[in-house]
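Q: The structure file entry-v7.cif (mmCIF, C-alpha atoms) is provided below.
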```
data_model
loop_
_atom_site.label_atom_id
_atom_site.label_comp_id
_atom_site.auth_asym_id
_atom_site.auth_seq_id
_atom_site.Cartn_x
_atom_site.Cartn_y
_atom_site.Cartn_z
CA MET A 764 30.96 30.99 -3.44
CA ASN A 765 32.87 29.42 -6.36
CA ALA A 766 34.08 26.60 -4.09
CA ARG A 767 30.46 25.79 -3.18
CA ARG A 768 29.40 25.67 -6.83
CA TRP A 769 32.40 23.55 -7.75
CA THR A 770 31.68 21.12 -4.88
CA ALA A 771 27.99 20.91 -5.77
CA GLY A 772 28.87 20.27 -9.41
CA LEU A 773 31.34 17.58 -8.43
CA LEU A 774 28.82 15.84 -6.18
CA ALA A 775 26.16 15.95 -8.90
CA SER A 776 28.60 14.46 -11.42
CA VAL A 777 29.63 11.67 -9.06
CA ALA A 778 26.00 10.86 -8.32
CA ALA A 779 25.11 10.77 -12.01
CA VAL A 780 28.04 8.48 -12.84
CA ALA A 781 27.15 6.20 -9.92
CA LEU A 782 23.53 5.94 -11.07
CA VAL A 783 24.50 5.22 -14.67
CA GLY A 784 26.99 2.63 -13.51
CA CYS A 785 24.35 0.83 -11.46
CA THR A 786 21.87 0.45 -14.30
CA SER A 787 21.81 -1.36 -17.58
CA SER A 788 19.15 -1.75 -20.22
CA LYS A 789 18.51 -5.28 -18.91
CA ALA A 790 18.09 -3.99 -15.34
CA GLN A 791 15.80 -1.19 -16.49
CA GLU A 792 13.56 -3.69 -18.29
CA LYS A 793 13.19 -5.67 -15.06
CA THR A 794 12.17 -2.81 -12.79
CA CYS A 795 8.76 -1.92 -11.47
CA THR A 796 7.05 1.20 -12.76
CA THR A 797 5.79 4.38 -11.15
CA THR A 798 2.96 6.23 -12.87
CA THR A 799 2.64 9.99 -13.09
CA ASP A 800 0.08 9.68 -10.25
CA GLY A 801 2.77 8.18 -8.00
CA ILE A 802 1.35 4.66 -8.16
CA PHE A 803 4.06 2.03 -7.91
CA GLU A 804 3.22 -1.23 -9.74
CA CYS A 805 5.20 -4.40 -10.36
CA ALA A 806 4.59 -6.98 -13.07
CA PRO A 807 3.94 -10.48 -11.68
CA ASP A 808 7.47 -11.68 -12.46
CA GLN A 809 8.97 -8.72 -10.57
CA ARG A 810 7.09 -9.11 -7.28
CA SER A 811 9.01 -10.12 -4.19
CA ALA A 812 8.07 -12.65 -1.52
CA PRO A 813 4.81 -12.04 0.36
CA PRO A 814 5.12 -9.71 3.36
CA LYS A 815 4.15 -10.82 6.85
CA LEU A 816 1.08 -8.96 8.00
CA ALA A 817 -0.78 -10.21 11.05
CA GLY A 818 -2.15 -8.81 14.25
CA GLU A 819 -5.07 -7.89 16.44
CA LEU A 820 -8.24 -6.64 14.80
CA LEU A 821 -9.68 -3.32 15.93
CA LEU A 822 -12.97 -4.94 16.95
CA GLY A 823 -11.34 -8.03 18.50
CA GLY A 824 -9.93 -11.27 17.19
CA SER A 825 -6.89 -11.66 14.99
CA TYR A 826 -6.03 -11.61 11.30
CA ASP A 827 -3.17 -13.05 9.28
CA VAL A 828 -2.95 -12.06 5.62
CA SER A 829 -1.36 -15.42 4.79
CA ASP A 830 -4.77 -16.99 5.48
CA ALA A 831 -6.12 -14.99 2.52
CA ARG A 832 -3.87 -16.63 -0.13
CA GLY A 833 -5.90 -17.08 -3.29
CA GLN A 834 -7.58 -13.71 -2.74
CA VAL A 835 -6.41 -10.27 -3.79
CA VAL A 836 -6.04 -8.23 -0.59
CA VAL A 837 -6.23 -4.44 -0.59
CA VAL A 838 -4.52 -3.11 2.55
CA ASN A 839 -5.23 0.50 3.48
CA PHE A 840 -3.20 2.29 6.17
CA TRP A 841 -5.21 5.00 7.93
CA GLY A 842 -5.68 7.05 11.08
CA SER A 843 -8.72 8.80 12.53
CA TRP A 844 -6.59 11.98 12.76
CA CYS A 845 -5.91 11.92 8.99
CA ALA A 846 -8.17 14.19 6.88
CA PRO A 847 -7.29 12.48 3.55
CA CYS A 848 -8.18 9.15 5.20
CA ARG A 849 -11.68 10.47 5.92
CA ALA A 850 -11.94 11.71 2.33
CA GLU A 851 -11.03 8.32 0.81
CA ALA A 852 -13.14 6.09 3.09
CA ASP A 853 -16.26 6.16 0.87
CA ASP A 854 -14.18 5.40 -2.23
CA LEU A 855 -12.47 2.45 -0.52
CA GLU A 856 -15.82 1.05 0.61
CA ALA A 857 -17.24 1.47 -2.91
CA VAL A 858 -14.32 -0.46 -4.45
CA TYR A 859 -14.66 -3.13 -1.75
CA GLN A 860 -18.38 -3.56 -2.51
CA ALA A 861 -17.73 -3.61 -6.28
CA THR A 862 -14.91 -6.20 -6.17
CA LYS A 863 -15.53 -8.49 -3.20
CA GLY A 864 -17.47 -10.92 -5.39
CA SER A 865 -14.39 -11.47 -7.57
CA GLY A 866 -12.12 -12.76 -4.84
CA VAL A 867 -10.98 -9.44 -3.36
CA ASP A 868 -10.65 -8.79 0.37
CA PHE A 869 -10.00 -5.43 2.02
CA LEU A 870 -8.11 -4.86 5.24
CA GLY A 871 -7.55 -1.60 7.03
CA VAL A 872 -4.53 -0.98 9.25
CA ASN A 873 -5.15 1.75 11.82
CA VAL A 874 -1.92 3.49 12.86
CA GLN A 875 -0.99 5.86 15.69
CA ASP A 876 -4.45 6.00 17.16
CA SER A 877 -6.46 5.15 20.24
CA ARG A 878 -8.85 2.22 19.90
CA ASP A 879 -11.89 4.37 20.76
CA LYS A 880 -11.10 7.01 18.14
CA ALA A 881 -10.39 4.35 15.52
CA LYS A 882 -13.67 2.54 16.23
CA ALA A 883 -15.61 5.81 16.02
CA PHE A 884 -13.92 6.62 12.70
CA GLU A 885 -14.81 3.25 11.16
CA LYS A 886 -18.41 3.18 12.32
CA GLY A 887 -20.67 3.83 9.34
CA ARG A 888 -17.72 4.34 6.97
CA VAL A 889 -16.35 0.90 6.09
CA THR A 890 -17.56 -2.69 6.49
CA TYR A 891 -14.24 -4.51 6.13
CA PRO A 892 -11.99 -5.26 9.14
CA SER A 893 -8.98 -3.26 10.35
CA LEU A 894 -5.89 -4.28 12.25
CA PHE A 895 -5.07 -2.09 15.25
CA ASP A 896 -1.45 -0.89 14.95
CA PRO A 897 -1.01 2.02 17.40
CA SER A 898 2.81 1.76 17.30
CA SER A 899 2.83 1.64 13.46
CA ARG A 900 5.01 -1.50 13.60
CA LEU A 901 3.05 -3.25 10.83
CA ALA A 902 3.14 -0.13 8.68
CA LEU A 903 6.88 0.29 9.11
CA ASP A 904 7.44 -3.40 8.30
CA LEU A 905 5.86 -2.65 4.91
CA ASP A 906 7.86 0.59 4.45
CA ILE A 907 4.82 2.76 5.15
CA PRO A 908 6.00 5.50 7.53
CA PRO A 909 3.14 7.02 9.54
CA ASN A 910 3.75 10.41 7.91
CA THR A 911 2.78 8.91 4.52
CA VAL A 912 -0.72 7.85 5.61
CA PRO A 913 -3.00 7.24 3.86
CA ALA A 914 -1.33 4.55 1.82
CA THR A 915 -2.80 1.54 0.04
CA VAL A 916 -1.02 -1.69 -0.83
CA VAL A 917 -2.55 -4.25 -3.19
CA LEU A 918 -1.43 -7.85 -2.69
CA ASP A 919 -1.91 -10.35 -5.53
CA ARG A 920 -3.48 -13.79 -5.08
CA ASP A 921 -0.07 -15.14 -4.03
CA GLY A 922 0.25 -12.48 -1.31
CA ARG A 923 2.96 -10.50 -3.12
CA ILE A 924 2.91 -6.69 -3.36
CA ALA A 925 1.52 -5.78 -6.77
CA ALA A 926 0.84 -2.06 -6.26
CA VAL A 927 1.49 0.69 -3.72
CA ILE A 928 -0.37 3.99 -3.65
CA ARG A 929 1.07 6.59 -1.26
CA ALA A 930 -1.83 9.02 -1.40
CA ALA A 931 -5.56 9.12 -0.83
CA VAL A 932 -7.39 6.99 -3.38
CA LYS A 933 -10.47 7.59 -5.47
CA GLN A 934 -12.73 4.81 -6.71
CA GLU A 935 -12.01 5.59 -10.37
CA GLY A 936 -8.27 5.22 -9.77
CA LEU A 937 -8.21 2.24 -7.40
CA GLN A 938 -10.90 0.01 -8.88
CA PRO A 939 -9.20 -0.58 -12.28
CA ILE A 940 -5.94 -1.50 -10.50
CA VAL A 941 -7.72 -3.96 -8.21
CA GLU A 942 -9.71 -5.47 -11.10
CA ARG A 943 -6.56 -5.87 -13.22
CA ILE A 944 -4.72 -7.65 -10.39
CA ALA A 945 -7.78 -9.79 -9.61
CA ALA A 946 -7.87 -10.92 -13.27
CA GLU A 947 -4.30 -12.27 -13.08
CA LYS A 948 -3.72 -15.99 -12.76
CA PRO A 949 -1.94 -17.06 -9.56
CA ALA A 950 1.69 -18.10 -10.01
CA PRO A 951 2.15 -21.81 -10.66
CA ASN A 952 3.35 -23.79 -7.62
#
```
Can you give me the file's structure in the form of structure tokens?
A:
Amino acid sequence: MNARRWTAGLLASVAAVALVGCTSSKAQEKTCTTTTDGIFECAPDQRSAPPKLAGELLLGGSYDVSDARGQVVVVNFWGSWCAPCRAEADDLEAVYQATKGSGVDFLGVNVQDSRDKAKAFEKGRVTYPSLFDPSSRLALDLDIPPNTVPATVVLDRDGRIAAVIRAAVKQEGLQPIVERIAAEKPAPN
């Protein structure tokens, strides 16, 4: 038993030293933040290149998020089998209706679902389009594993990830984030 404690203590010490060695006050100032609600947000100067997000729409046609440059795009990953997804649908639609006049688009990404079930889920719930991603390839490309659905990603007007929410959203939590990002000026070319 003592050997296990000693080994665990040693591993914890090594990990702590490694973490301290990898950070500096300068690096800490340049990092993105995570709120107590688990919302990950990056300041405009800390956002990485825009992700690729394109595919077939659930109701037909295609969509490429790069065509929406100049707009804030709220991307919500959902599945008809997901109870929290059903719970957040009205809140997402309310934020969409409240912000679409200020240059905000919404896009759903349906994961691990059949087309019929996904269509039935959307009917009467949301009015914005959804990509059909039954293999979850698009979700995984954005580091959204299917077991973390629902998840919402907010892209700024330059298409960069500004915020990630890995939980069901409520209007009172999402709308201020979207409005704040929509009020930002696009990066100069």
Q: Write out, as a tab-separated table, each residue of stretch 808-860 of chain A that has an atom at most 7 Å from stretch 884-906 of chain A, together with the closest pair of atoms and their distance in Å to one decimal, counting all atoms listed in the file, rows going by chain and rising number.
A:
```
residue	atom	partner	partner_atom	distance
A:Leu816	CA	A:Leu901	CA	6.7
A:Gly818	CA	A:Leu894	CA	6.2
A:Glu819	CA	A:Leu894	CA	5.6
A:Leu820	CA	A:Leu894	CA	4.2
A:Leu821	CA	A:Phe895	CA	4.8
A:Ser843	CA	A:Phe884	CA	5.6
A:Ala852	CA	A:Arg888	CA	6.3
A:Asp853	CA	A:Arg888	CA	6.5
A:Glu856	CA	A:Val889	CA	5.5
```
Q: Starting from the PyMOL selection byres ((chain A and resi 938) around 9), expand the selection into actual residues of this file and give them as a VMD selection string.
A: chain A and resid 855 857 to 859 861 to 862 933 to 937 939 to 943
Q: For A:Asp919, which of A:Lys863, A:Lys880, A:Lys815, A:Arg832 is the closest residue, counting only C-alpha atoms?
A: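 Smallest separation from A:Asp919 among the options: A:Arg832.
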Q: How many Å separate atom CA of A:Ala925 from atom CA of A:Pro913?
A: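 Separating atom CA of A:Ala925 from atom CA of A:Pro913 is a distance of 17.4 Å.
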Q: For A:Trp844, find every residue with an atom within 10 Å (counting all atoms listed in the file), except residues of its own chain fewer than 3 positions away, and show them as a list in words.
A: Trp841, Pro847, Cys848, Arg849, Val874, Gln875, Asp876, Lys880, Ala881 and Phe884 of chain A
Q: Report as a list of chain:residue names all protein, DNA and RNA residues lying within 12 Å of A:Glu947, evaluated on only C-alpha atoms, omitting residues in the same chain fewer than 2 positions from it.
A: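 My reading of the contact set: A:Ala806, A:Pro807, A:Asp808, A:Gly833, A:Gln834, A:Val835, A:Ser865, A:Gly866, A:Leu918, A:Asp919, A:Arg920, A:Asp921, A:Ala925, A:Ile940, A:Val941, A:Glu942, A:Arg943, A:Ile944, A:Ala945, A:Pro949, A:Ala950, A:Pro951.
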Q: Box for stretch 876-893 of chain A - axis-aligned, 6 Å on each of the six sides, all listed atoms - centre and size in Å to one decimal, as JSON.
A:
```
{"center_x": -12.6, "center_y": 0.9, "center_z": 13.4, "size_x": 28.2, "size_y": 24.3, "size_z": 26.7}
```
Q: Between atom CA of A:Arg923 and atom CA of A:Arg810, what is the distance in Å, rounded to a tenth?
A: 6.0 Å
Q: Just how far from atom CA of A:Val838 is atom CA of A:Phe803, in Å to one decimal?
A: 14.5 Å
Q: With the PyMOL selection byres ((chain A and resi 912) around 8) as the selection, what would be picked from this file? Answer as JSON, numbers by chain, please.
A: {"A": [840, 841, 842, 845, 848, 907, 908, 909, 910, 911, 913, 914, 929, 930]}
Q: Could you state which residues are captured by the PyMOL selection byres ((chain A and resi 868) around 6) in this file, as a list in words?
A: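 So the PyMOL selection byres ((chain A and resi 868) around 6) ends up selecting Val836, Val867 and Phe869 of chain A.
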Q: Could you check which of A:Ala817, A:Gly824, A:Ile802, A:Lys882 is closest to A:Val916, using all atoms listed in the file?
A: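 Of A:Ala817, A:Gly824, A:Ile802, A:Lys882, the one nearest A:Val916, counting all atoms listed in the file, is A:Ile802.
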Q: Pick out the closest residue to A:Ala812 from this set: A:Asp879, A:Ile924, A:Thr796, A:Glu851. Count all atoms listed in the file.
A: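 For A:Ala812, the nearest of the given residues is A:Ile924.
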Q: Of the candidates A:Cys795, A:Ala883, A:Leu870, A:Val927, which one gets nearest to A:Ser825 if we count all atoms listed in the file?
A: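 Ranked by minimum distance to A:Ser825, first place goes to A:Leu870.
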Q: Mind completing stretch 919-935 of chain A with N, CA and C atoms? Output as a CSV table (one decimal), keeping the file's coordinate frame, please?
A:
```
chain,number,residue,atom,x,y,z
A,919,ASP,N,-1.3,-9.4,-4.5
A,919,ASP,CA,-1.9,-10.4,-5.5
A,919,ASP,C,-2.4,-11.6,-4.9
A,920,ARG,N,-2.9,-12.6,-5.6
A,920,ARG,CA,-3.5,-13.8,-5.1
A,920,ARG,C,-2.4,-14.7,-4.4
A,921,ASP,N,-1.2,-14.4,-4.7
A,921,ASP,CA,-0.1,-15.1,-4.0
A,921,ASP,C,0.5,-14.4,-2.8
A,922,GLY,N,-0.1,-13.3,-2.5
A,922,GLY,CA,0.2,-12.5,-1.3
A,922,GLY,C,1.4,-11.5,-1.5
A,923,ARG,N,1.8,-11.4,-2.8
A,923,ARG,CA,3.0,-10.5,-3.1
A,923,ARG,C,2.5,-9.1,-3.4
A,924,ILE,N,3.3,-8.1,-3.1
A,924,ILE,CA,2.9,-6.7,-3.4
A,924,ILE,C,2.9,-6.4,-4.9
A,925,ALA,N,1.7,-6.1,-5.4
A,925,ALA,CA,1.5,-5.8,-6.8
A,925,ALA,C,1.5,-4.3,-7.0
A,926,ALA,N,1.0,-3.5,-6.1
A,926,ALA,CA,0.8,-2.1,-6.3
A,926,ALA,C,0.9,-1.4,-4.9
A,927,VAL,N,1.4,-0.2,-4.9
A,927,VAL,CA,1.5,0.7,-3.7
A,927,VAL,C,1.1,2.1,-4.1
A,928,ILE,N,0.1,2.6,-3.4
A,928,ILE,CA,-0.4,4.0,-3.6
A,928,ILE,C,-0.1,4.8,-2.4
A,929,ARG,N,0.7,5.8,-2.4
A,929,ARG,CA,1.1,6.6,-1.3
A,929,ARG,C,0.3,7.9,-1.3
A,930,ALA,N,-1.0,7.8,-1.4
A,930,ALA,CA,-1.8,9.0,-1.4
A,930,ALA,C,-3.3,8.5,-1.2
A,931,ALA,N,-4.2,9.5,-0.9
A,931,ALA,CA,-5.6,9.1,-0.8
A,931,ALA,C,-6.0,8.6,-2.2
A,932,VAL,N,-6.9,7.6,-2.1
A,932,VAL,CA,-7.4,7.0,-3.4
A,932,VAL,C,-8.8,7.5,-3.7
A,933,LYS,N,-9.1,7.4,-5.0
A,933,LYS,CA,-10.5,7.6,-5.5
A,933,LYS,C,-10.9,6.3,-6.1
A,934,GLN,N,-12.2,6.0,-6.1
A,934,GLN,CA,-12.7,4.8,-6.7
A,934,GLN,C,-12.3,4.6,-8.1
A,935,GLU,N,-12.3,5.7,-8.9
A,935,GLU,CA,-12.0,5.6,-10.4
A,935,GLU,C,-10.5,5.3,-10.6
```
